[in-house]
Amino acid sequence: MEIRFQRILLVTLLGLLVSICLVAPTKANESVGLVLFNEDSTSDASIINSNVDVDVGRRTVLEDILDNENFELGVQVGVMSIEDFETNAWISAHFAYHITEYFYAKARYGQSEAGQTSFEKLVNVPPLLTDEERKLGYYGLSIGYNLMPGEVFLGRDFALNSVFSVELGGGTTEFAGDEKFTVNLGANYRVFLTDWLTWDIGMTDYIFDTAITGESKTSHNLNFTTGFAFYF
């Protein structure tokens with residue numbers, strides 16, 4: 001009888017222990033879930049209800065003043081190789097209007113004075129041209145295209161804007177007592193020293209027909225110049 005009672009007591013205790021083992025993890029999980037839910041809820045509520053004070057330092061910003069100078073006035077000096085008449089000094093001036101960022105129209109006037117031909121130097125003959133006829137003057141119009149805008153670096157931390165452009169135009173050359181239709185092909189390189197001043201380097205070929213030396217031909221007269229241009 002005593003042994004049977006002990007068995008019943010052991011079975012009862014074992015059943016209670018199993019029940020406790022099964023129920024305890026479930027309650028623990030529920031507690032953890034409740035805690036997590038409470039933490040998330042508290043976090044969300046704090047985010048929603050909190051007022052964030054943003055301290056942004058204000059600064060004064062000056063708007064960039066964009067230059068809109070479309071007109072250009074320039075002067076150049078250089079040399080001109082007048083075919084058959086040596087290389088001589090050249091001076092010119094131009095006025096240009098920049099139509100767009102890339103295209104511009106330019107009016108130019110330049111003058112030089114021809115030297116002597118090789119024939120005049122070698123043979124003792126009367127001059128082919130008078131002093132007045134040796135004066136060469138050109139005036140005409142050109143269309144230019146800014147082909148390669150870029151920069152010129154003078155050291156590591158200093159750069160100047162620049163642009164390389166090509167020009168095509170036509171005009172009139174007064175030379176040897178006659179007026180000759182002239183086509184000019186040119187290339188120009190400009191360095192912007194300021195927003196209103198540029199340093200120009202140019203090369204132009206003035207092409208016209210001539211028969212001064214007795215032979216009718218098309219002459220190419222190369223011109224190299226440098227100077228400054230002002231924008232307004």
# chains A, B, ... in the order shown; residues from 1 in each chain; ligands from 1
>>> closest_atom_pairs(of="region 116-206 of chain A", to="region 91-109 of chain A", cutoff="7 Å", atoms="only C-alpha atoms", output="CSV")
residue,atom,partner,partner_atom,distance
A:Tyr138,CA,A:Tyr109,CA,5.6
A:Tyr139,CA,A:Tyr109,CA,4.4
A:Gly140,CA,A:Arg108,CA,5.7
A:Leu141,CA,A:Ala107,CA,4.5
A:Ser142,CA,A:Lys106,CA,5.1
A:Ile143,CA,A:Ala105,CA,4.7
A:Gly144,CA,A:Tyr104,CA,5.2
A:Tyr145,CA,A:Phe103,CA,4.8
A:Asn146,CA,A:Tyr102,CA,4.8
>>> write_last_selection(atoms="C-alpha atoms", output="PDB file, in the first residue's frame")
ATOM      1  CA  TYR A 138      42.254  95.619 -96.305  1.00  0.00           C
ATOM      2  CA  TYR A 139      38.693  95.906 -95.030  1.00  0.00           C
ATOM      3  CA  GLY A 140      36.083  93.161 -94.834  1.00  0.00           C
ATOM      4  CA  LEU A 141      33.704  91.032 -92.816  1.00  0.00           C
ATOM      5  CA  SER A 142      34.207  87.584 -91.277  1.00  0.00           C
ATOM      6  CA  ILE A 143      32.149  84.957 -89.509  1.00  0.00           C
ATOM      7  CA  GLY A 144      33.877  83.247 -86.605  1.00  0.00           C
ATOM      8  CA  TYR A 145      33.161  80.030 -84.733  1.00  0.00           C
ATOM      9  CA  ASN A 146      34.462  79.273 -81.234  1.00  0.00           C
TER      10      ASN A 146
END
>>> residues_around(residues="region 187-195 of chain A", least_positions_apart="5", cutoff="8 Å", atoms="only C-alpha atoms", output="compact mmCIF listing (two decimals) with all heavy atoms, in the first residue's frame")
# COMPACT_ATOMS: atom_id res chain seq x y z
N ASP A 67 28.19 88.08 -66.97
CA ASP A 67 28.51 89.12 -67.93
C ASP A 67 27.76 88.88 -69.23
O ASP A 67 27.61 87.74 -69.68
CB ASP A 67 30.03 89.12 -68.20
CG ASP A 67 30.80 89.46 -66.94
OD1 ASP A 67 30.37 90.37 -66.24
OD2 ASP A 67 31.82 88.79 -66.69
N VAL A 152 43.84 77.92 -69.66
CA VAL A 152 45.30 77.96 -69.66
C VAL A 152 45.76 78.01 -68.21
O VAL A 152 45.35 78.89 -67.46
CB VAL A 152 45.83 79.20 -70.42
CG1 VAL A 152 47.34 79.28 -70.31
CG2 VAL A 152 45.42 79.14 -71.88
N LEU A 160 43.38 80.59 -66.53
CA LEU A 160 42.64 81.61 -67.28
C LEU A 160 41.82 80.93 -68.36
O LEU A 160 42.27 79.96 -68.98
CB LEU A 160 43.61 82.62 -67.92
CG LEU A 160 44.44 83.48 -66.96
CD1 LEU A 160 45.46 84.30 -67.74
CD2 LEU A 160 43.55 84.38 -66.14
N ASN A 161 40.62 81.42 -68.58
CA ASN A 161 39.79 80.89 -69.65
C ASN A 161 40.39 81.24 -71.01
O ASN A 161 41.02 82.29 -71.17
CB ASN A 161 38.37 81.44 -69.56
CG ASN A 161 37.64 80.93 -68.34
OD1 ASN A 161 37.84 79.79 -67.92
ND2 ASN A 161 36.77 81.75 -67.76
N SER A 162 40.16 80.38 -71.96
CA SER A 162 40.67 80.61 -73.31
C SER A 162 39.71 80.00 -74.32
O SER A 162 38.84 79.20 -73.97
CB SER A 162 42.07 80.00 -73.47
OG SER A 162 41.99 78.58 -73.35
N VAL A 163 39.90 80.38 -75.57
CA VAL A 163 39.07 79.82 -76.64
C VAL A 163 39.85 79.87 -77.95
O VAL A 163 40.57 80.84 -78.21
CB VAL A 163 37.73 80.58 -76.76
CG1 VAL A 163 37.95 82.04 -77.12
CG2 VAL A 163 36.81 79.92 -77.78
N PHE A 164 39.71 78.82 -78.73
CA PHE A 164 40.31 78.76 -80.07
C PHE A 164 39.17 78.84 -81.08
O PHE A 164 38.19 78.11 -80.98
CB PHE A 164 41.09 77.46 -80.25
CG PHE A 164 41.65 77.29 -81.64
CD1 PHE A 164 42.82 77.94 -82.00
CD2 PHE A 164 41.00 76.49 -82.57
CE1 PHE A 164 43.33 77.79 -83.29
CE2 PHE A 164 41.51 76.33 -83.84
CZ PHE A 164 42.68 76.98 -84.20
N SER A 165 39.30 79.73 -82.03
CA SER A 165 38.23 79.94 -83.00
C SER A 165 38.79 79.98 -84.42
O SER A 165 39.99 80.24 -84.63
CB SER A 165 37.47 81.24 -82.70
OG SER A 165 38.36 82.34 -82.73
N VAL A 166 37.93 79.72 -85.39
CA VAL A 166 38.28 79.80 -86.81
C VAL A 166 37.38 80.84 -87.46
O VAL A 166 36.24 81.06 -87.03
CB VAL A 166 38.12 78.43 -87.50
CG1 VAL A 166 39.16 77.46 -86.99
CG2 VAL A 166 36.73 77.86 -87.30
N GLU A 167 37.89 81.49 -88.50
CA GLU A 167 37.17 82.57 -89.15
C GLU A 167 37.21 82.41 -90.67
O GLU A 167 38.21 81.95 -91.22
CB GLU A 167 37.76 83.92 -88.76
CG GLU A 167 37.69 84.23 -87.26
CD GLU A 167 38.35 85.55 -86.90
OE1 GLU A 167 38.86 86.23 -87.84
OE2 GLU A 167 38.36 85.91 -85.72
N ASP A 200 44.92 88.35 -77.67
CA ASP A 200 44.64 87.62 -78.90
C ASP A 200 45.93 87.27 -79.64
O ASP A 200 46.87 88.08 -79.70
CB ASP A 200 43.76 88.44 -79.84
CG ASP A 200 42.38 88.70 -79.27
OD1 ASP A 200 42.10 88.19 -78.17
OD2 ASP A 200 41.60 89.41 -79.91
N ILE A 201 45.95 86.07 -80.19
CA ILE A 201 47.02 85.63 -81.10
C ILE A 201 46.32 85.09 -82.34
O ILE A 201 45.46 84.20 -82.23
CB ILE A 201 47.91 84.56 -80.47
CG1 ILE A 201 48.54 85.07 -79.17
CG2 ILE A 201 48.99 84.12 -81.45
CD1 ILE A 201 49.31 84.02 -78.41
N GLY A 202 46.67 85.62 -83.51
CA GLY A 202 45.94 85.21 -84.71
C GLY A 202 46.84 84.97 -85.91
O GLY A 202 47.97 85.48 -86.00
N MET A 203 46.32 84.17 -86.83
CA MET A 203 46.98 83.91 -88.11
C MET A 203 45.91 83.93 -89.19
O MET A 203 44.87 83.27 -89.05
CB MET A 203 47.71 82.57 -88.10
CG MET A 203 48.43 82.27 -89.42
SD MET A 203 49.15 80.62 -89.46
CE MET A 203 47.67 79.62 -89.59
N THR A 204 46.15 84.68 -90.26
CA THR A 204 45.17 84.83 -91.32
C THR A 204 45.86 84.74 -92.67
O THR A 204 47.00 85.24 -92.83
CB THR A 204 44.42 86.17 -91.21
OG1 THR A 204 43.89 86.29 -89.90
CG2 THR A 204 43.28 86.24 -92.23
N TYR A 231 35.82 93.97 -74.29
CA TYR A 231 34.43 93.57 -74.41
C TYR A 231 33.55 94.56 -73.63
O TYR A 231 33.89 94.99 -72.54
CB TYR A 231 34.22 92.17 -73.84
CG TYR A 231 34.85 91.08 -74.70
CD1 TYR A 231 36.23 90.88 -74.67
CD2 TYR A 231 34.08 90.27 -75.52
CE1 TYR A 231 36.81 89.91 -75.46
CE2 TYR A 231 34.66 89.29 -76.30
CZ TYR A 231 36.03 89.12 -76.27
OH TYR A 231 36.62 88.15 -77.05
>>> closest_residue(among="A:Leu168, A:Ala114, A:Leu129, A:Ala176", to="Thr87 (chain A)", atoms="only C-alpha atoms")
A:Ala114
>>> select_by_dssp(residues="region 53-178 of chain A", states="strand (DSSP E or B)", output="MDAnalysis selection string")
chainID A and resid 71:81 87:98 103:113 135:153 159:175 178
>>> closest_residue(among="A:Leu128, A:Ile212, A:Val79, A:Ala159", to="Lys180 (chain A)", atoms="only C-alpha atoms")
A:Ile212
>>> residues_around(residues="Thr182 (chain A)", least_positions_apart="2", cutoff="6 Å", atoms="only C-alpha atoms", output="PDB file with N, CA and C atoms, in the first residue's frame")
ATOM      1  N   GLY A 170      35.283  87.677 -96.281  1.00  0.00           N
ATOM      2  CA  GLY A 170      35.648  88.275 -97.553  1.00  0.00           C
ATOM      3  C   GLY A 170      35.686  89.785 -97.435  1.00  0.00           C
ATOM      4  N   GLY A 171      36.406  90.398 -98.345  1.00  0.00           N
ATOM      5  CA  GLY A 171      36.512  91.848 -98.324  1.00  0.00           C
ATOM      6  C   GLY A 171      37.258  92.353 -99.533  1.00  0.00           C
ATOM      7  N   THR A 172      37.867  93.517 -99.383  1.00  0.00           N
ATOM      8  CA  THR A 172      38.570  94.182-100.473  1.00  0.00           C
ATOM      9  C   THR A 172      39.974  94.562-100.035  1.00  0.00           C
ATOM     10  N   ILE A 207      43.713  85.987 -99.464  1.00  0.00           N
ATOM     11  CA  ILE A 207      43.867  85.386-100.793  1.00  0.00           C
ATOM     12  C   ILE A 207      43.210  86.297-101.833  1.00  0.00           C
ATOM     13  N   PHE A 208      43.981  86.724-102.810  1.00  0.00           N
ATOM     14  CA  PHE A 208      43.433  87.518-103.911  1.00  0.00           C
ATOM     15  C   PHE A 208      44.266  87.309-105.173  1.00  0.00           C
TER      16      PHE A 208
END
>>> atom_distance(atom1="CA of Val77 (chain A)", atom2="CA of Asp131 (chain A)")
21.6 Å
